[in-house]
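Enquirer: Once you've had a glance at the structure underneath, I'll fire off some questions.
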Amino acid sequence: MRIAECLVGDETGTILFTARNSQVDLMKANGTVILRNAKIDMFKGSMRLAVDKWGRVEVTEPANFIVKEYNNLSLVEYELVNVVEE
């Protein structure tokens, strides 16, 4: 199994994408891809984007938007808090 973490983004922000196996070959620096049926996985308290066997990674034509690089959602740390109802 091959795994690579790639920073992907759009006009709303960026997030780390965990590419697996053949997906690794499709991810190129400054390339444009479409991630279909992507999901969020939590890894050590932060979000990672992933495409499993029901999803698809497609290489496409360059996009015409500016990526909002300063809004990296993977840098936000989350903590599971149990709420006790009284």
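In the structure tokens, each chain is lettered A, B, ... as it comes, each chain's residues begin at 1, and ligands are numbered from 1 in order of appearance.
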Would you list, as number ranges by chain, the residues of chain A that end up in alpha helix (DSSP H) under DSSP run on this structure's backbone?
Expert: A: 22-26
Enquirer: Quick one: residues within 7 Å of Glu5 in chain A, only C-alpha atoms, excluding same-chain residues fewer than 4 positions away - as a list in words?
Expert: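 These residues fall inside the cut-off: Leu16, Phe17, Thr18 and Ala19 of chain A.
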Enquirer: Between CA of Asn64 in chain A and CA of Met27 in chain A, measure the distance and give it in Å to one decimal.
Expert: 18.3 Å
Enquirer: Env of Gly31 in chain A: 12 Å cut, atoms = only C-alpha atoms, seq-sep filter 4 positions within chain, self excluded. Answer as a PDB file with all heavy atoms, in the first residue's frame.
Expert:
```
ATOM      1  N   CYS A   6      -1.274  15.056   0.554  1.00  0.00           N
ATOM      2  CA  CYS A   6      -1.190  16.151  -0.419  1.00  0.00           C
ATOM      3  C   CYS A   6      -2.064  17.296   0.077  1.00  0.00           C
ATOM      4  O   CYS A   6      -3.188  17.065   0.530  1.00  0.00           O
ATOM      5  CB  CYS A   6      -1.714  15.692  -1.776  1.00  0.00           C
ATOM      6  SG  CYS A   6      -1.093  14.098  -2.318  1.00  0.00           S
ATOM      7  N   LEU A   7      -1.575  18.507  -0.046  1.00  0.00           N
ATOM      8  CA  LEU A   7      -2.370  19.667   0.314  1.00  0.00           C
ATOM      9  C   LEU A   7      -3.217  20.057  -0.890  1.00  0.00           C
ATOM     10  O   LEU A   7      -2.694  20.351  -1.961  1.00  0.00           O
ATOM     11  CB  LEU A   7      -1.472  20.835   0.730  1.00  0.00           C
ATOM     12  CG  LEU A   7      -2.187  22.048   1.295  1.00  0.00           C
ATOM     13  CD1 LEU A   7      -2.894  21.703   2.605  1.00  0.00           C
ATOM     14  CD2 LEU A   7      -1.207  23.183   1.509  1.00  0.00           C
ATOM     15  N   VAL A   8      -4.540  19.989  -0.729  1.00  0.00           N
ATOM     16  CA  VAL A   8      -5.463  20.343  -1.812  1.00  0.00           C
ATOM     17  C   VAL A   8      -6.323  21.508  -1.348  1.00  0.00           C
ATOM     18  O   VAL A   8      -6.487  21.741  -0.147  1.00  0.00           O
ATOM     19  CB  VAL A   8      -6.358  19.147  -2.231  1.00  0.00           C
ATOM     20  CG1 VAL A   8      -5.509  18.012  -2.782  1.00  0.00           C
ATOM     21  CG2 VAL A   8      -7.207  18.646  -1.074  1.00  0.00           C
ATOM     22  N   GLY A   9      -6.884  22.247  -2.295  1.00  0.00           N
ATOM     23  CA  GLY A   9      -7.700  23.382  -1.887  1.00  0.00           C
ATOM     24  C   GLY A   9      -8.543  23.939  -3.003  1.00  0.00           C
ATOM     25  O   GLY A   9      -8.432  23.542  -4.167  1.00  0.00           O
ATOM     26  N   ASP A  25      -0.409   8.460  -7.868  1.00  0.00           N
ATOM     27  CA  ASP A  25       0.099   8.789  -9.207  1.00  0.00           C
ATOM     28  C   ASP A  25      -0.642   9.955  -9.851  1.00  0.00           C
ATOM     29  O   ASP A  25      -0.092  10.650 -10.698  1.00  0.00           O
ATOM     30  CB  ASP A  25       0.003   7.566 -10.120  1.00  0.00           C
ATOM     31  CG  ASP A  25       0.827   6.404  -9.611  1.00  0.00           C
ATOM     32  OD1 ASP A  25       1.895   6.656  -9.008  1.00  0.00           O
ATOM     33  OD2 ASP A  25       0.399   5.246  -9.799  1.00  0.00           O
ATOM     34  N   LEU A  26      -1.896  10.184  -9.468  1.00  0.00           N
ATOM     35  CA  LEU A  26      -2.706  11.256 -10.059  1.00  0.00           C
ATOM     36  C   LEU A  26      -2.415  12.627  -9.457  1.00  0.00           C
ATOM     37  O   LEU A  26      -2.706  13.647 -10.072  1.00  0.00           O
ATOM     38  CB  LEU A  26      -4.197  10.944  -9.889  1.00  0.00           C
ATOM     39  CG  LEU A  26      -4.695   9.659 -10.542  1.00  0.00           C
ATOM     40  CD1 LEU A  26      -6.149   9.410 -10.172  1.00  0.00           C
ATOM     41  CD2 LEU A  26      -4.516   9.703 -12.041  1.00  0.00           C
ATOM     42  N   MET A  27      -1.839  12.642  -8.264  1.00  0.00           N
ATOM     43  CA  MET A  27      -1.600  13.902  -7.567  1.00  0.00           C
ATOM     44  C   MET A  27      -0.257  14.489  -7.991  1.00  0.00           C
ATOM     45  O   MET A  27       0.781  13.881  -7.772  1.00  0.00           O
ATOM     46  CB  MET A  27      -1.633  13.680  -6.058  1.00  0.00           C
ATOM     47  CG  MET A  27      -2.916  13.041  -5.537  1.00  0.00           C
ATOM     48  SD  MET A  27      -4.422  13.906  -5.993  1.00  0.00           S
ATOM     49  CE  MET A  27      -4.258  15.380  -5.023  1.00  0.00           C
ATOM     50  N   GLU A  58     -10.243  12.339 -10.185  1.00  0.00           N
ATOM     51  CA  GLU A  58     -10.143  12.577 -11.625  1.00  0.00           C
ATOM     52  C   GLU A  58      -9.249  13.779 -11.895  1.00  0.00           C
ATOM     53  O   GLU A  58      -9.437  14.844 -11.310  1.00  0.00           O
ATOM     54  CB  GLU A  58     -11.518  12.872 -12.222  1.00  0.00           C
ATOM     55  CG  GLU A  58     -12.539  11.782 -12.020  1.00  0.00           C
ATOM     56  CD  GLU A  58     -13.932  12.202 -12.457  1.00  0.00           C
ATOM     57  OE1 GLU A  58     -14.109  13.343 -12.944  1.00  0.00           O
ATOM     58  OE2 GLU A  58     -14.855  11.392 -12.295  1.00  0.00           O
ATOM     59  N   VAL A  59      -8.288  13.611 -12.795  1.00  0.00           N
ATOM     60  CA  VAL A  59      -7.467  14.736 -13.238  1.00  0.00           C
ATOM     61  C   VAL A  59      -8.294  15.527 -14.236  1.00  0.00           C
ATOM     62  O   VAL A  59      -8.980  14.949 -15.090  1.00  0.00           O
ATOM     63  CB  VAL A  59      -6.157  14.238 -13.882  1.00  0.00           C
ATOM     64  CG1 VAL A  59      -5.341  15.400 -14.411  1.00  0.00           C
ATOM     65  CG2 VAL A  59      -5.352  13.431 -12.879  1.00  0.00           C
ATOM     66  N   THR A  60      -8.260  16.857 -14.136  1.00  0.00           N
ATOM     67  CA  THR A  60      -9.073  17.700 -15.008  1.00  0.00           C
ATOM     68  C   THR A  60      -8.274  18.920 -15.462  1.00  0.00           C
ATOM     69  O   THR A  60      -7.110  19.079 -15.114  1.00  0.00           O
ATOM     70  CB  THR A  60     -10.372  18.127 -14.272  1.00  0.00           C
ATOM     71  OG1 THR A  60     -11.237  18.774 -15.190  1.00  0.00           O
ATOM     72  CG2 THR A  60     -10.075  19.033 -13.102  1.00  0.00           C
ATOM     73  N   GLU A  61      -8.926  19.766 -16.236  1.00  0.00           N
ATOM     74  CA  GLU A  61      -8.297  20.989 -16.737  1.00  0.00           C
ATOM     75  C   GLU A  61      -8.019  21.951 -15.587  1.00  0.00           C
ATOM     76  O   GLU A  61      -8.705  21.922 -14.568  1.00  0.00           O
ATOM     77  CB  GLU A  61      -9.234  21.673 -17.749  1.00  0.00           C
ATOM     78  CG  GLU A  61      -9.541  20.819 -18.968  1.00  0.00           C
ATOM     79  CD  GLU A  61      -8.303  20.511 -19.774  1.00  0.00           C
ATOM     80  OE1 GLU A  61      -7.471  21.416 -19.969  1.00  0.00           O
ATOM     81  OE2 GLU A  61      -8.146  19.352 -20.202  1.00  0.00           O
ATOM     82  N   PRO A  62      -7.025  22.821 -15.746  1.00  0.00           N
ATOM     83  CA  PRO A  62      -6.728  23.798 -14.682  1.00  0.00           C
ATOM     84  C   PRO A  62      -7.951  24.639 -14.315  1.00  0.00           C
ATOM     85  O   PRO A  62      -8.736  25.022 -15.188  1.00  0.00           O
ATOM     86  CB  PRO A  62      -5.635  24.669 -15.290  1.00  0.00           C
ATOM     87  CG  PRO A  62      -5.000  23.801 -16.324  1.00  0.00           C
ATOM     88  CD  PRO A  62      -6.108  22.930 -16.864  1.00  0.00           C
ATOM     89  N   ALA A  63      -8.106  24.883 -13.032  1.00  0.00           N
ATOM     90  CA  ALA A  63      -9.237  25.671 -12.537  1.00  0.00           C
ATOM     91  C   ALA A  63      -8.935  27.157 -12.652  1.00  0.00           C
ATOM     92  O   ALA A  63      -7.782  27.569 -12.737  1.00  0.00           O
ATOM     93  CB  ALA A  63      -9.518  25.298 -11.094  1.00  0.00           C
TER      94      ALA A  63
END
```
